[in-house]
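Student: Dropping in coords.txt, which is compact mmCIF, C-alpha atoms:
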# COMPACT_ATOMS: atom_id res chain seq x y z
CA MET A 1 0.16 -7.66 -10.87
CA ARG A 2 -2.98 -5.72 -10.11
CA PRO A 3 -6.08 -7.36 -11.62
CA ILE A 4 -7.89 -5.44 -14.32
CA GLY A 5 -11.59 -4.66 -13.94
CA ARG A 6 -13.77 -3.55 -11.05
CA ARG A 7 -11.55 -2.58 -8.17
CA PRO A 8 -12.60 -3.49 -4.67
CA GLY A 9 -13.73 -0.32 -2.88
CA ASN A 10 -11.07 1.48 -0.88
CA PRO A 11 -12.78 1.61 2.53
CA ASP A 12 -11.36 5.05 3.41
CA THR A 13 -12.51 6.67 0.17
CA ARG A 14 -15.87 4.94 0.42
CA ASN A 15 -16.29 6.22 3.99
CA ASP A 16 -15.29 9.74 2.98
CA ILE A 17 -17.97 9.70 0.29
CA ILE A 18 -20.59 8.37 2.70
CA LYS A 19 -19.73 10.99 5.33
CA SER A 20 -19.94 13.83 2.81
CA ALA A 21 -23.17 12.48 1.38
CA ARG A 22 -24.73 12.20 4.82
CA ARG A 23 -23.79 15.78 5.69
CA LEU A 24 -24.98 17.26 2.39
CA PHE A 25 -28.25 15.28 2.34
CA ALA A 26 -28.84 16.50 5.91
CA ASP A 27 -28.07 20.14 5.11
CA SER A 28 -29.86 20.45 1.79
CA GLY A 29 -32.16 17.47 1.34
CA TYR A 30 -32.09 14.87 -1.40
CA GLU A 31 -33.24 16.96 -4.33
CA GLN A 32 -30.84 19.81 -3.90
CA THR A 33 -27.76 17.63 -3.39
CA SER A 34 -26.00 16.47 -6.55
CA VAL A 35 -23.45 13.68 -6.98
CA ARG A 36 -21.09 16.44 -8.11
CA ASP A 37 -21.55 18.33 -4.80
CA ILE A 38 -20.82 15.19 -2.82
CA ALA A 39 -17.76 14.41 -4.92
CA ALA A 40 -16.43 17.93 -4.38
CA ALA A 41 -17.01 17.73 -0.61
CA ALA A 42 -15.27 14.33 -0.41
CA GLY A 43 -12.44 15.44 -2.71
CA VAL A 44 -13.02 12.64 -5.22
CA ASP A 45 -14.01 12.40 -8.86
CA PRO A 46 -17.80 12.06 -9.44
CA ALA A 47 -17.02 8.97 -11.55
CA LEU A 48 -15.71 7.25 -8.43
CA ILE A 49 -19.08 7.75 -6.70
CA ARG A 50 -20.85 6.14 -9.63
CA HIS A 51 -18.27 3.36 -9.55
CA TYR A 52 -18.86 2.63 -5.85
CA PHE A 53 -22.57 3.34 -5.53
CA GLY A 54 -24.11 3.32 -9.02
CA SER A 55 -26.67 6.11 -8.64
CA LYS A 56 -27.53 8.98 -6.31
CA ALA A 57 -30.52 6.95 -5.05
CA GLU A 58 -28.25 4.05 -4.10
CA LEU A 59 -25.79 6.39 -2.43
CA PHE A 60 -28.69 7.83 -0.43
CA ARG A 61 -29.72 4.32 0.66
CA SER A 62 -26.13 3.54 1.73
CA ALA A 63 -25.47 6.86 3.45
CA VAL A 64 -28.79 7.65 5.02
CA GLY A 65 -30.00 4.75 7.08
CA TRP A 66 -31.25 5.06 10.61
CA PRO A 67 -28.32 6.06 12.80
CA PHE A 68 -29.22 3.20 15.14
CA GLU A 69 -30.55 -0.33 14.99
CA PRO A 70 -34.36 -0.02 15.05
CA ASP A 71 -34.62 -3.24 17.05
CA ALA A 72 -32.08 -2.12 19.64
CA ILE A 73 -33.82 1.22 20.10
CA SER A 74 -37.23 -0.39 20.42
CA GLU A 75 -35.81 -2.66 23.11
CA ARG A 76 -34.39 0.29 25.06
CA ILE A 77 -37.83 1.88 25.04
CA ILE A 78 -39.88 -1.19 25.81
CA GLU A 79 -37.76 -3.01 28.42
CA GLY A 80 -38.56 -2.27 32.04
CA ASP A 81 -41.59 -0.88 33.83
CA SER A 82 -44.32 -0.46 31.20
CA ARG A 83 -45.61 2.68 32.93
CA GLN A 84 -42.27 4.32 32.11
CA ILE A 85 -42.48 3.70 28.36
CA GLY A 86 -43.47 7.31 27.66
CA THR A 87 -40.56 8.61 29.71
CA ARG A 88 -38.06 6.35 27.94
CA LEU A 89 -39.50 7.06 24.48
CA THR A 90 -39.22 10.82 25.00
CA ARG A 91 -35.62 10.63 26.18
CA VAL A 92 -34.40 8.16 23.54
CA PHE A 93 -36.08 10.10 20.71
CA LEU A 94 -35.04 13.60 21.71
CA GLU A 95 -31.48 12.59 22.72
CA ALA A 96 -30.91 10.99 19.30
CA TRP A 97 -31.56 14.46 17.82
CA GLU A 98 -29.05 16.12 20.14
CA ARG A 99 -26.00 14.04 19.16
CA PRO A 100 -24.41 15.47 15.99
CA ASP A 101 -23.59 11.98 14.62
CA SER A 102 -27.19 10.84 14.72
CA ARG A 103 -28.76 14.25 14.08
CA ALA A 104 -27.29 14.50 10.56
CA PRO A 105 -28.87 11.29 9.21
CA LEU A 106 -32.13 11.97 11.05
CA LEU A 107 -32.29 15.44 9.48
CA ALA A 108 -31.56 13.93 6.07
CA ILE A 109 -34.39 11.45 6.51
CA LEU A 110 -36.86 14.04 7.83
CA ARG A 111 -36.02 16.56 5.10
CA GLY A 112 -36.12 13.81 2.51
CA ALA A 113 -39.40 12.36 3.76
CA ALA A 114 -41.22 15.53 2.80
CA THR A 115 -40.45 15.22 -0.89
CA HIS A 116 -38.61 12.01 -1.64
CA GLU A 117 -40.47 8.71 -1.66
CA GLU A 118 -37.36 6.73 -0.61
CA SER A 119 -37.24 8.66 2.69
CA THR A 120 -40.99 8.66 3.16
CA ALA A 121 -40.98 4.87 2.87
CA LEU A 122 -38.08 4.60 5.35
CA VAL A 123 -39.95 6.64 7.96
CA ARG A 124 -43.32 4.98 7.35
CA GLN A 125 -41.71 1.53 7.54
CA PHE A 126 -39.98 2.41 10.82
CA PHE A 127 -43.26 3.59 12.32
CA GLN A 128 -45.51 0.84 11.06
CA GLY A 129 -43.10 -2.08 10.80
CA GLN A 130 -40.81 -1.65 13.80
CA MET A 131 -41.96 0.80 16.39
CA TYR A 132 -45.69 0.27 16.36
CA PRO A 133 -46.16 -3.47 16.69
CA GLN A 134 -43.65 -3.55 19.53
CA LEU A 135 -44.85 -0.45 21.35
CA ALA A 136 -48.54 -1.01 20.81
CA THR A 137 -48.53 -4.51 22.29
CA GLN A 138 -47.03 -3.10 25.49
CA LEU A 139 -49.83 -0.59 25.82
CA ALA A 140 -53.30 -1.47 26.93
CA GLY A 141 -56.46 -0.55 25.04
CA PRO A 142 -57.87 -1.04 21.54
CA ASP A 143 -56.67 2.39 20.38
CA SER A 144 -53.01 1.90 21.35
CA GLU A 145 -51.75 2.46 17.78
CA LEU A 146 -53.54 5.79 17.49
CA ARG A 147 -52.07 6.79 20.86
CA VAL A 148 -48.58 5.91 19.64
CA ASP A 149 -49.28 8.05 16.53
CA LEU A 150 -50.20 11.05 18.64
CA ALA A 151 -47.09 10.64 20.80
CA MET A 152 -44.84 10.27 17.76
CA ALA A 153 -46.51 13.28 16.14
CA GLN A 154 -45.59 15.34 19.21
CA LEU A 155 -41.97 14.17 19.14
CA LEU A 156 -41.55 14.49 15.38
CA GLY A 157 -43.14 17.94 15.47
CA ILE A 158 -40.61 19.03 18.09
CA ALA A 159 -37.72 17.74 15.98
CA TYR A 160 -39.16 19.62 12.99
CA LEU A 161 -39.62 22.93 14.82
CA ARG A 162 -36.32 22.68 16.68
CA HIS A 163 -33.97 21.37 14.00
CA VAL A 164 -35.56 22.13 10.61
CA LEU A 165 -37.50 25.38 11.14
CA ARG A 166 -35.38 26.46 14.14
CA VAL A 167 -38.29 28.27 15.74
CA GLU A 168 -37.47 30.07 18.99
CA PRO A 169 -37.60 29.59 21.92
CA LEU A 170 -37.86 25.86 21.19
CA ALA A 171 -34.65 25.77 19.14
CA SER A 172 -32.47 26.94 22.02
CA THR A 173 -34.19 25.33 25.01
CA PRO A 174 -31.67 23.02 26.74
CA ALA A 175 -32.33 19.36 25.91
CA ASP A 176 -32.91 18.28 29.51
CA GLU A 177 -35.45 21.04 30.11
CA LEU A 178 -37.17 20.12 26.85
CA ILE A 179 -37.31 16.43 27.80
CA ALA A 180 -38.77 17.34 31.20
CA ARG A 181 -41.43 19.52 29.53
CA VAL A 182 -42.42 17.00 26.90
CA THR A 183 -42.47 13.81 28.97
CA PRO A 184 -45.87 14.44 30.63
CA ALA A 185 -47.48 14.99 27.21
CA ILE A 186 -46.08 11.71 25.88
CA VAL A 187 -47.05 9.80 29.01
CA ALA A 188 -50.57 11.24 28.76
CA HIS A 189 -50.87 10.11 25.13
CA LEU A 190 -49.69 6.58 25.91
CA THR A 191 -51.91 6.15 28.96
CA PRO A 192 -55.46 4.91 28.22
CA ALA A 193 -58.15 7.41 29.18
CA MET B 194 -54.81 47.82 -33.22
CA ARG B 195 -53.33 45.67 -30.53
CA PRO B 196 -50.38 47.35 -28.81
CA ILE B 197 -46.99 45.68 -29.17
CA GLY B 198 -45.01 44.75 -26.07
CA ARG B 199 -45.89 43.26 -22.71
CA ARG B 200 -49.48 42.03 -22.75
CA PRO B 201 -51.62 42.47 -19.68
CA GLY B 202 -52.10 39.08 -18.00
CA ASN B 203 -55.24 37.20 -18.96
CA PRO B 204 -56.76 36.54 -15.53
CA ASP B 205 -58.13 33.11 -16.52
CA THR B 206 -54.81 31.85 -17.86
CA ARG B 207 -52.98 33.30 -14.89
CA ASN B 208 -55.40 31.57 -12.50
CA ASP B 209 -55.01 28.27 -14.36
CA ILE B 210 -51.26 28.49 -13.97
CA ILE B 211 -51.54 29.34 -10.28
CA LYS B 212 -53.94 26.44 -9.64
CA SER B 213 -51.69 23.96 -11.43
CA ALA B 214 -48.60 25.28 -9.66
CA ARG B 215 -50.30 25.01 -6.26
CA ARG B 216 -51.32 21.40 -6.92
CA LEU B 217 -47.92 20.30 -8.26
CA PHE B 218 -45.95 22.06 -5.51
CA ALA B 219 -48.25 20.33 -2.99
CA ASP B 220 -47.86 16.90 -4.56
CA SER B 221 -44.16 16.92 -5.30
CA GLY B 222 -42.54 19.78 -3.41
CA TYR B 223 -40.66 22.74 -4.82
CA GLU B 224 -37.52 21.00 -6.05
CA GLN B 225 -39.22 18.27 -8.03
CA THR B 226 -41.69 20.56 -9.76
CA SER B 227 -40.46 22.24 -12.94
CA VAL B 228 -41.93 25.21 -14.80
CA ARG B 229 -42.35 22.77 -17.71
CA ASP B 230 -44.50 20.42 -15.54
CA ILE B 231 -46.69 23.31 -14.44
CA ALA B 232 -47.06 24.56 -18.00
CA ALA B 233 -48.11 21.07 -19.15
CA ALA B 234 -50.65 20.74 -16.34
CA ALA B 235 -52.11 24.18 -17.09
CA GLY B 236 -52.07 23.55 -20.84
CA VAL B 237 -49.95 26.61 -21.61
CA ASP B 238 -46.55 27.28 -23.10
CA PRO B 239 -43.72 27.47 -20.50
CA ALA B 240 -42.78 30.84 -22.00
CA LEU B 241 -46.13 32.19 -20.83
CA ILE B 242 -45.28 31.29 -17.22
CA ARG B 243 -42.01 33.16 -17.49
CA HIS B 244 -43.91 36.03 -19.06
CA TYR B 245 -46.43 36.24 -16.20
CA PHE B 246 -44.26 35.26 -13.24
CA GLY B 247 -40.60 35.65 -14.22
CA SER B 248 -39.09 32.70 -12.37
CA LYS B 249 -40.14 29.49 -10.62
CA ALA B 250 -39.38 31.14 -7.26
CA GLU B 251 -41.72 34.05 -8.06
CA LEU B 252 -44.42 31.65 -9.22
CA PHE B 253 -44.02 29.78 -5.91
CA ARG B 254 -44.44 33.04 -4.00
CA SER B 255 -47.58 33.90 -5.98
CA ALA B 256 -49.11 30.42 -5.85
CA VAL B 257 -48.16 29.21 -2.42
CA GLY B 258 -49.17 31.72 0.17
CA TRP B 259 -51.08 30.85 3.31
CA PRO B 260 -54.57 29.78 2.26
CA PHE B 261 -55.98 32.21 4.80
CA GLU B 262 -55.27 35.63 6.22
CA PRO B 263 -52.89 35.07 9.15
CA ASP B 264 -54.47 37.98 11.03
CA ALA B 265 -58.00 36.67 10.52
CA ILE B 266 -57.04 33.20 11.70
CA SER B 267 -55.25 34.53 14.76
CA GLU B 268 -58.38 36.51 15.62
CA ARG B 269 -60.59 33.42 15.32
CA ILE B 270 -58.30 31.62 17.76
CA ILE B 271 -57.81 34.42 20.24
CA GLU B 272 -61.28 35.99 20.46
CA GLY B 273 -63.51 34.71 23.22
CA ASP B 274 -62.89 32.91 26.49
CA SER B 275 -59.12 32.67 26.92
CA ARG B 276 -59.46 29.24 28.57
CA GLN B 277 -60.81 27.96 25.26
CA ILE B 278 -57.82 29.06 23.17
CA GLY B 279 -56.41 25.52 23.00
CA THR B 280 -59.75 24.14 21.86
CA ARG B 281 -60.12 26.79 19.14
CA LEU B 282 -56.48 26.49 18.02
CA THR B 283 -56.81 22.71 17.59
CA ARG B 284 -60.01 22.96 15.58
CA VAL B 285 -58.90 25.83 13.34
CA PHE B 286 -55.53 24.20 12.62
CA LEU B 287 -56.73 20.67 11.95
CA GLU B 288 -59.82 21.75 9.97
CA ALA B 289 -57.64 23.83 7.64
CA TRP B 290 -55.86 20.58 6.73
CA GLU B 291 -59.13 18.79 6.00
CA ARG B 292 -60.44 21.18 3.35
CA PRO B 293 -58.91 20.30 -0.05
CA ASP B 294 -58.61 23.98 -1.05
CA SER B 295 -56.49 24.86 1.95
CA ARG B 296 -54.75 21.46 2.29
CA ALA B 297 -52.95 21.79 -1.05
CA PRO B 298 -51.12 25.05 -0.25
CA LEU B 299 -50.45 23.90 3.34
CA LEU B 300 -48.89 20.69 2.01
CA ALA B 301 -46.82 22.68 -0.47
CA ILE B 302 -45.54 24.90 2.33
CA LEU B 303 -44.82 22.01 4.72
CA ARG B 304 -43.08 19.94 2.02
CA GLY B 305 -41.19 22.99 0.86
CA ALA B 306 -40.18 24.06 4.36
CA ALA B 307 -38.07 20.94 4.74
CA THR B 308 -35.73 21.83 1.88
CA HIS B 309 -36.55 25.19 0.44
CA GLU B 310 -35.58 28.35 2.29
CA GLU B 311 -38.49 30.35 0.83
CA SER B 312 -40.97 27.99 2.51
CA THR B 313 -38.96 27.70 5.70
CA ALA B 314 -39.01 31.47 6.03
CA LEU B 315 -42.76 31.59 5.37
CA VAL B 316 -43.45 29.09 8.15
CA ARG B 317 -40.98 30.61 10.62
CA GLN B 318 -42.37 34.07 9.95
CA PHE B 319 -45.93 32.87 10.54
CA PHE B 320 -44.92 31.28 13.84
CA GLN B 321 -42.72 34.03 15.16
CA GLY B 322 -44.20 37.11 13.54
CA GLN B 323 -47.94 36.44 13.54
CA MET B 324 -49.09 33.60 15.72
CA TYR B 325 -46.76 33.86 18.66
CA PRO B 326 -46.92 37.46 19.73
CA GLN B 327 -50.72 37.34 19.57
CA LEU B 328 -51.17 33.95 21.21
CA ALA B 329 -48.45 34.33 23.79
CA THR B 330 -49.83 37.59 25.17
CA GLN B 331 -53.17 35.87 25.81
CA LEU B 332 -51.50 33.17 27.85
CA ALA B 333 -50.20 33.68 31.35
CA GLY B 334 -46.70 32.81 32.48
CA PRO B 335 -43.12 33.68 31.50
CA ASP B 336 -42.78 30.52 29.38
CA SER B 337 -45.86 31.11 27.23
CA GLU B 338 -43.88 31.13 23.96
CA LEU B 339 -42.31 27.75 24.71
CA ARG B 340 -45.76 26.39 25.52
CA VAL B 341 -47.08 27.68 22.18
CA ASP B 342 -44.10 25.94 20.50
CA LEU B 343 -44.95 22.61 22.11
CA ALA B 344 -48.62 22.93 21.11
CA MET B 345 -47.71 23.86 17.54
CA ALA B 346 -45.20 20.98 17.41
CA GLN B 347 -48.02 18.61 18.32
CA LEU B 348 -50.33 20.00 15.64
CA LEU B 349 -47.67 20.22 12.94
CA GLY B 350 -46.51 16.68 13.74
CA ILE B 351 -50.06 15.42 13.29
CA ALA B 352 -50.34 17.17 9.91
CA TYR B 353 -47.00 15.62 8.92
CA LEU B 354 -47.92 12.06 9.94
CA ARG B 355 -51.45 12.27 8.59
CA HIS B 356 -50.95 14.09 5.30
CA VAL B 357 -47.28 13.70 4.33
CA LEU B 358 -46.25 10.28 5.71
CA ARG B 359 -49.83 8.95 5.77
CA VAL B 360 -49.12 6.75 8.78
CA GLU B 361 -52.02 4.59 9.92
CA PRO B 362 -54.24 4.65 11.89
CA LEU B 363 -53.75 8.43 12.15
CA ALA B 364 -54.20 9.00 8.41
CA SER B 365 -57.73 7.59 8.33
CA THR B 366 -59.05 8.67 11.73
CA PRO B 367 -62.14 10.89 11.18
CA ALA B 368 -61.32 14.56 11.67
CA ASP B 369 -63.81 15.11 14.49
CA GLU B 370 -62.48 12.14 16.45
CA LEU B 371 -58.94 13.39 15.90
CA ILE B 372 -59.83 16.90 17.09
CA ALA B 373 -61.47 15.44 20.21
CA ARG B 374 -58.36 13.33 20.95
CA VAL B 375 -55.86 16.13 20.41
CA THR B 376 -57.64 18.99 22.16
CA PRO B 377 -56.73 17.92 25.73
CA ALA B 378 -53.02 17.74 24.79
CA ILE B 379 -53.10 21.25 23.32
CA VAL B 380 -55.05 22.65 26.27
CA ALA B 381 -52.52 21.04 28.65
CA HIS B 382 -49.60 22.64 26.79
CA LEU B 383 -51.19 26.08 26.83
CA THR B 384 -52.18 25.97 30.50
CA PRO B 385 -49.46 27.07 32.94
CA ALA B 386 -48.32 24.27 35.29
For this file, produce the structure as structure tokens.

Tutor:
Amino acid sequence: MRPIGRRPGNPDTRNDIIKSARRLFADSGYEQTSVRDIAAAAGVDPALIRHYFGSKAELFRSAVGWPFEPDAISERIIEGDSRQIGTRLTRVFLEAWERPDSRAPLLAILRGAATHEESTALVRQFFQGQMYPQLATQLAGPDSELRVDLAMAQLLGIAYLRHVLRVEPLASTPADELIARVTPAIVAHLTPA
Amino acid sequence: MRPIGRRPGNPDTRNDIIKSARRLFADSGYEQTSVRDIAAAAGVDPALIRHYFGSKAELFRSAVGWPFEPDAISERIIEGDSRQIGTRLTRVFLEAWERPDSRAPLLAILRGAATHEESTALVRQFFQGQMYPQLATQLAGPDSELRVDLAMAQLLGIAYLRHVLRVEPLASTPADELIARVTPAIVAHLTPA
């Protein structure tokens, strides 16, 4: 006999909801996406979303995390010749935006960060808690954190113009050409004067 | 006798509404700001906002324009020694974000652009319709528009980290120091290889 009460989540249904939520948050941002929209896209009853996730904010937290392990990505950037950190940072960052599976959650976070404190905190925490301490200790000079800021501002600005505003010609420049163009700017930022 | 029907707008009340709308759109973004919030902040009845502006979208259009004349700002950047365009662009852009009266509408536009098509269009139009044709013709080389994109990505990314995410140490670096640090990157982008 099936037990009465809170059912364990069906992993397929739960995944369908998360996938739909991720796509809709990415396309429209947090504010403009309703639980009802996500339910419709996933083909489930809105009540099921509340059953699995509680609230829209909790669904956002479950669906929209970083599409990678922050520690693993920091390692990929930091390991190896320290003079190549700028080159690796540029490639890892911009390539994450090119893959559709990681672009969707990154877009959701970036769109969300502009207006939704949950996303803002996620981005700020990644910068200040993960990326910075690790990157900055690899870089010489007392102003290494400001130099990381300027490099990240360049990369984030490119993601914003290319994927959110879709400004041309940046939006349709091939990724490899873009990486080649941007790398010297990032290396210059990360190299002490 | 006072005529019946649509009253002419009282310029003071109208200005109060516009000021409150500008501040709330800047603080919270388009989606999270309601006509009711704006009415409360301006100390007027929500019906009066609908009377003056029709809809929230029309109020946004009236309240959140560029805090400068795009043509005038382009002129300030372009006029003079063409080798100094990068220096002037950096200063004009970053200083506009430092003045509270222009920062509020710029924040509203940047926050809005992430999720709200009206803002996205405003930013894209400024880039592609105003800034680019004028800047790009002053710069040599077949890739001048891409170089303007990379420079604008750097500047926009700094505004985003400094004023939206408030990432440190960028958020509290004095403006003049920041301008001095960023200028070489912008000049490098705008100078053909």

Student: Could you list the residues in chain A lying within 9 Å of chain B, using all atoms listed in the file, and format the result as number ranges by chain?

Tutor: A: 27-32, 110-116, 120-121, 123-124, 127-128, 145-146, 149-161, 164-170, 173, 181-182, 185, 188-189

Student: Tell me, as a list in words, which residues lie within 8 Å of stretch 281-292 of chain B, counting only C-alpha atoms; anything in the same chain fewer than 2 positions away does not count.

Tutor: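 Non-adjacent residues within range: Ile266, Arg269, Ile270, Gln277, Ile278, Gly279, Asp294, Ser295, Arg296, Leu299, Leu348, Ala352, Ala368, Ile372, Val375, Thr376 and Ile379 of chain B.
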
Student: What's the separation between atom CA of A:Glu58 and atom CA of A:Pro133, in Å to one decimal place?

Tutor: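 Atom CA of A:Pro133 lies 28.5 Å from atom CA of A:Glu58.
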
Student: Atom CA of B:Gln327 and atom CA of B:Glu268 are how many Å apart?

Tutor: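 These two atoms are separated by 8.7 Å.
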
Student: Tell me which of B:Gln323, B:Ser267, B:Asn208, B:Ser227 sits closest to B:Ser255, counting all atoms listed in the file.

Tutor: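 Among the listed residues, the smallest separation from B:Ser255 belongs to B:Asn208.
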
Student: May I have the protein, DNA and RNA residues with any atom at most 12 Å from the point (-14.4, 16.0, -1.0), counting only C-alpha atoms, written as a PyMOL selection string?

Tutor: chain A and resi 13-21+23-24+35-46+48-49

Student: Taking all atoms of stretch 155-167 of chain A that the file lists, what box with edges along x, y and z, padded by 4 Å per side, do you get, with centre and edge lengths in Å to one decimal, as AutoDock Vina command-line options?

Tutor:
--center_x -38.6 --center_y 21.2 --center_z 14.9 --size_x 17.2 --size_y 22.1 --size_z 16.5

Student: One decimal, in Å: what's the spacing between atom CA of A:Ala104 and atom CA of A:Pro70?

Tutor: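 Going from atom CA of A:Ala104 over to atom CA of A:Pro70 covers 16.8 Å.
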